[in-house]
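S.K.: Contents of upload.pdb (PDB, C-alpha atoms, pLDDT in the B column):
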ATOM      1  CA  MET A1281       0.000   0.000   0.000  1.00 56.00           C
ATOM      2  CA  ALA A1282       1.111   3.587  -0.594  1.00 56.00           C
ATOM      3  CA  ASP A1283       2.497   5.915   2.038  1.00 63.00           C
ATOM      4  CA  PRO A1284      -0.168   7.656   4.100  1.00 66.00           C
ATOM      5  CA  THR A1285      -1.321  10.831   2.388  1.00 68.00           C
ATOM      6  CA  ARG A1286      -4.288  13.160   2.514  1.00 80.00           C
ATOM      7  CA  VAL A1287      -6.031  11.162  -0.243  1.00 77.00           C
ATOM      8  CA  ASN A1288      -8.523   8.512   0.757  1.00 81.00           C
ATOM      9  CA  ALA A1289      -7.104   4.989   0.559  1.00 82.00           C
ATOM     10  CA  GLN A1290     -10.069   3.799  -1.487  1.00 81.00           C
ATOM     11  CA  ILE A1291      -9.267   6.365  -4.189  1.00 81.00           C
ATOM     12  CA  THR A1292      -5.604   5.375  -4.402  1.00 83.00           C
ATOM     13  CA  ASP A1293      -6.627   1.715  -4.569  1.00 85.00           C
ATOM     14  CA  ALA A1294      -9.109   2.456  -7.371  1.00 83.00           C
ATOM     15  CA  VAL A1295      -6.467   4.349  -9.362  1.00 83.00           C
ATOM     16  CA  THR A1296      -3.961   1.548  -8.809  1.00 84.00           C
ATOM     17  CA  GLN A1297      -6.468  -1.061  -9.971  1.00 82.00           C
ATOM     18  CA  ALA A1298      -7.278   0.989 -13.082  1.00 83.00           C
ATOM     19  CA  ASN A1299      -3.572   1.292 -13.893  1.00 81.00           C
ATOM     20  CA  VAL A1300      -3.001  -2.430 -13.406  1.00 83.00           C
ATOM     21  CA  LYS A1301      -6.011  -3.184 -15.617  1.00 82.00           C
ATOM     22  CA  VAL A1302      -4.658  -0.992 -18.427  1.00 80.00           C
ATOM     23  CA  VAL A1303      -1.189  -2.511 -18.169  1.00 82.00           C
ATOM     24  CA  GLY A1304      -2.648  -6.026 -18.085  1.00 82.00           C
ATOM     25  CA  GLU A1305      -4.820  -5.471 -21.172  1.00 84.00           C
ATOM     26  CA  GLY A1306      -2.000  -3.966 -23.240  1.00 86.00           C
ATOM     27  CA  PRO A1307      -0.543  -7.210 -24.641  1.00 88.00           C
ATOM     28  CA  ALA A1308      -3.966  -8.560 -25.624  1.00 89.00           C
ATOM     29  CA  GLU A1309      -4.832  -5.345 -27.450  1.00 89.00           C
ATOM     30  CA  ALA A1310      -1.457  -5.344 -29.197  1.00 92.00           C
ATOM     31  CA  VAL A1311      -2.031  -8.889 -30.435  1.00 93.00           C
ATOM     32  CA  SER A1312      -5.520  -8.006 -31.641  1.00 94.00           C
ATOM     33  CA  VAL A1313      -4.175  -5.049 -33.625  1.00 95.00           C
ATOM     34  CA  GLU A1314      -1.535  -7.328 -35.111  1.00 96.00           C
ATOM     35  CA  VAL A1315      -4.160  -9.910 -36.107  1.00 96.00           C
ATOM     36  CA  GLN A1316      -6.323  -7.229 -37.720  1.00 97.00           C
ATOM     37  CA  ALA A1317      -3.349  -5.903 -39.688  1.00 97.00           C
ATOM     38  CA  MET A1318      -2.501  -9.420 -40.870  1.00 97.00           C
ATOM     39  CA  ALA A1319      -6.088 -10.062 -41.954  1.00 97.00           C
ATOM     40  CA  HIS A1320      -6.122  -6.783 -43.858  1.00 97.00           C
ATOM     41  CA  SER A1321      -2.854  -7.533 -45.649  1.00 97.00           C
ATOM     42  CA  ILE A1322      -4.061 -11.028 -46.600  1.00 97.00           C
ATOM     43  CA  GLY A1323      -7.253  -9.488 -47.977  1.00 97.00           C
ATOM     44  CA  LEU A1324      -5.236  -7.054 -50.086  1.00 97.00           C
ATOM     45  CA  ALA A1325      -3.068  -9.877 -51.395  1.00 97.00           C
ATOM     46  CA  MET A1326      -6.151 -11.864 -52.414  1.00 97.00           C
ATOM     47  CA  GLU A1327      -7.602  -8.798 -54.137  1.00 96.00           C
ATOM     48  CA  ASN A1328      -4.351  -8.300 -56.063  1.00 96.00           C
ATOM     49  CA  ALA A1329      -4.330 -11.962 -57.093  1.00 96.00           C
ATOM     50  CA  THR A1330      -7.914 -11.678 -58.352  1.00 96.00           C
ATOM     51  CA  GLN A1331      -7.118  -8.571 -60.377  1.00 95.00           C
ATOM     52  CA  THR A1332      -4.025 -10.213 -61.859  1.00 95.00           C
ATOM     53  CA  GLN A1333      -6.006 -13.297 -62.827  1.00 95.00           C
ATOM     54  CA  GLY A1334      -8.620 -11.120 -64.546  1.00 93.00           C
ATOM     55  CA  GLY A1335      -5.925  -9.269 -66.473  1.00 94.00           C
ATOM     56  CA  MET A1336      -4.299 -12.502 -67.585  1.00 95.00           C
ATOM     57  CA  GLN A1337      -7.694 -13.786 -68.762  1.00 95.00           C
ATOM     58  CA  GLN A1338      -7.980 -10.724 -71.024  1.00 95.00           C
ATOM     59  CA  VAL A1339      -4.502 -11.431 -72.421  1.00 94.00           C
ATOM     60  CA  ASN A1340      -5.489 -15.078 -72.958  1.00 95.00           C
ATOM     61  CA  ASN A1341      -8.683 -14.088 -74.799  1.00 95.00           C
ATOM     62  CA  THR A1342      -6.746 -11.705 -77.052  1.00 94.00           C
ATOM     63  CA  ALA A1343      -4.105 -14.316 -77.849  1.00 94.00           C
ATOM     64  CA  THR A1344      -6.773 -16.927 -78.588  1.00 94.00           C
ATOM     65  CA  ALA A1345      -8.604 -14.554 -80.926  1.00 91.00           C
ATOM     66  CA  ALA A1346      -5.362 -13.739 -82.728  1.00 90.00           C
ATOM     67  CA  MET A1347      -4.503 -17.437 -83.188  1.00 92.00           C
ATOM     68  CA  ILE A1348      -7.994 -18.249 -84.466  1.00 91.00           C
ATOM     69  CA  SER A1349      -7.805 -15.411 -86.976  1.00 88.00           C
ATOM     70  CA  LEU A1350      -4.408 -16.702 -88.165  1.00 89.00           C
ATOM     71  CA  ILE A1351      -5.750 -20.242 -88.522  1.00 90.00           C
ATOM     72  CA  THR A1352      -8.911 -19.237 -90.368  1.00 89.00           C
ATOM     73  CA  GLY A1353      -7.298 -16.437 -92.360  1.00 84.00           C
ATOM     74  CA  ALA A1354      -9.899 -13.945 -91.147  1.00 72.00           C
ATOM     75  CA  GLN A1355      -9.128 -10.246 -91.102  1.00 67.00           C
ATOM     76  CA  PRO A1356      -9.242  -8.469 -87.759  1.00 62.00           C
ATOM     77  CA  ALA A1357     -12.246  -6.211 -87.189  1.00 66.00           C
ATOM     78  CA  SER A1358      -9.992  -3.152 -86.793  1.00 64.00           C
ATOM     79  CA  SER A1359      -8.559  -3.570 -90.311  1.00 54.00           C
ATOM     80  CA  SER A1360      -8.834  -0.472 -92.474  1.00 58.00           C
ATOM     81  CA  SER A1361      -9.418  -2.433 -95.693  1.00 60.00           C
ATOM     82  CA  THR A1362     -12.809  -2.052 -97.316  1.00 62.00           C
ATOM     83  CA  PRO A1363     -14.823  -5.235 -97.676  1.00 61.00           C
ATOM     84  CA  THR A1364     -15.189  -6.565-101.229  1.00 65.00           C
ATOM     85  CA  PRO A1365     -18.735  -7.132-102.414  1.00 65.00           C
ATOM     86  CA  PRO A1366     -19.582 -10.702-103.406  1.00 69.00           C
ATOM     87  CA  ALA A1367     -19.043 -11.550-107.073  1.00 72.00           C
ATOM     88  CA  GLY A1368     -22.085 -11.840-109.304  1.00 66.00           C
ATOM     89  CA  GLY A1369     -24.293  -9.651-107.124  1.00 53.00           C
TER      90      GLY A1369
END
Here is the file; what I need is its structure written in the form of structure tokens.

M.R.:
Amino acid sequence: MADPTRVNAQITDAVTQANVKVVGEGPAEAVSVEVQAMAHSIGLAMENATQTQGGMQQVNNTATAAMISLITGAQPASSSSTPTPPAGG
């Protein structure tokens, strides 16, 4: 117990208990903040992976379309050549 002072002993005990409570809860709160930060970073990593997969799907679709047009001999839609009308029409 503290040295005798003019302050009521119940008040000094209450302040001491509050201080001990705060000090005792510190590690648990630090761990919870750490866990929240880890969960957030994992969420960001998953979001980045999803965006990358979507971008690679667009590249895959473009490459597939280019290969099909090479195989079939079709002209790309962005070609500036004018279409030839069918013969005999």

S.K.: Hey, can you check how far CA of Thr1342 (chain A) sits from CA of Ala1354 (chain A)?

M.R.: 14.6 Å

S.K.: Quote the spacing between CA of Val1313 (chain A) and CA of Val1295 (chain A) in Å to one decimal place.

M.R.: 26.1 Å

S.K.: I'd like the interatomic distance between CA of Gly1304 (chain A) and CA of Arg1286 (chain A), to a tenth of an Å.

M.R.: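 Atom-to-atom, CA of Gly1304 (chain A) and CA of Arg1286 (chain A) are spaced 28.2 Å apart.
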
S.K.: Could you work out an axis-aligned bounding box for all listed atoms of region 1329-1345 of chain A, with 5 Å added on each of the six sides, and give its centre and edge lengths in Å to one decimal, as lines of an AutoDock Vina configuration file?

M.R.:
center_x = -6.4
center_y = -12.7
center_z = -69.0
size_x = 14.7
size_y = 18.4
size_z = 33.8
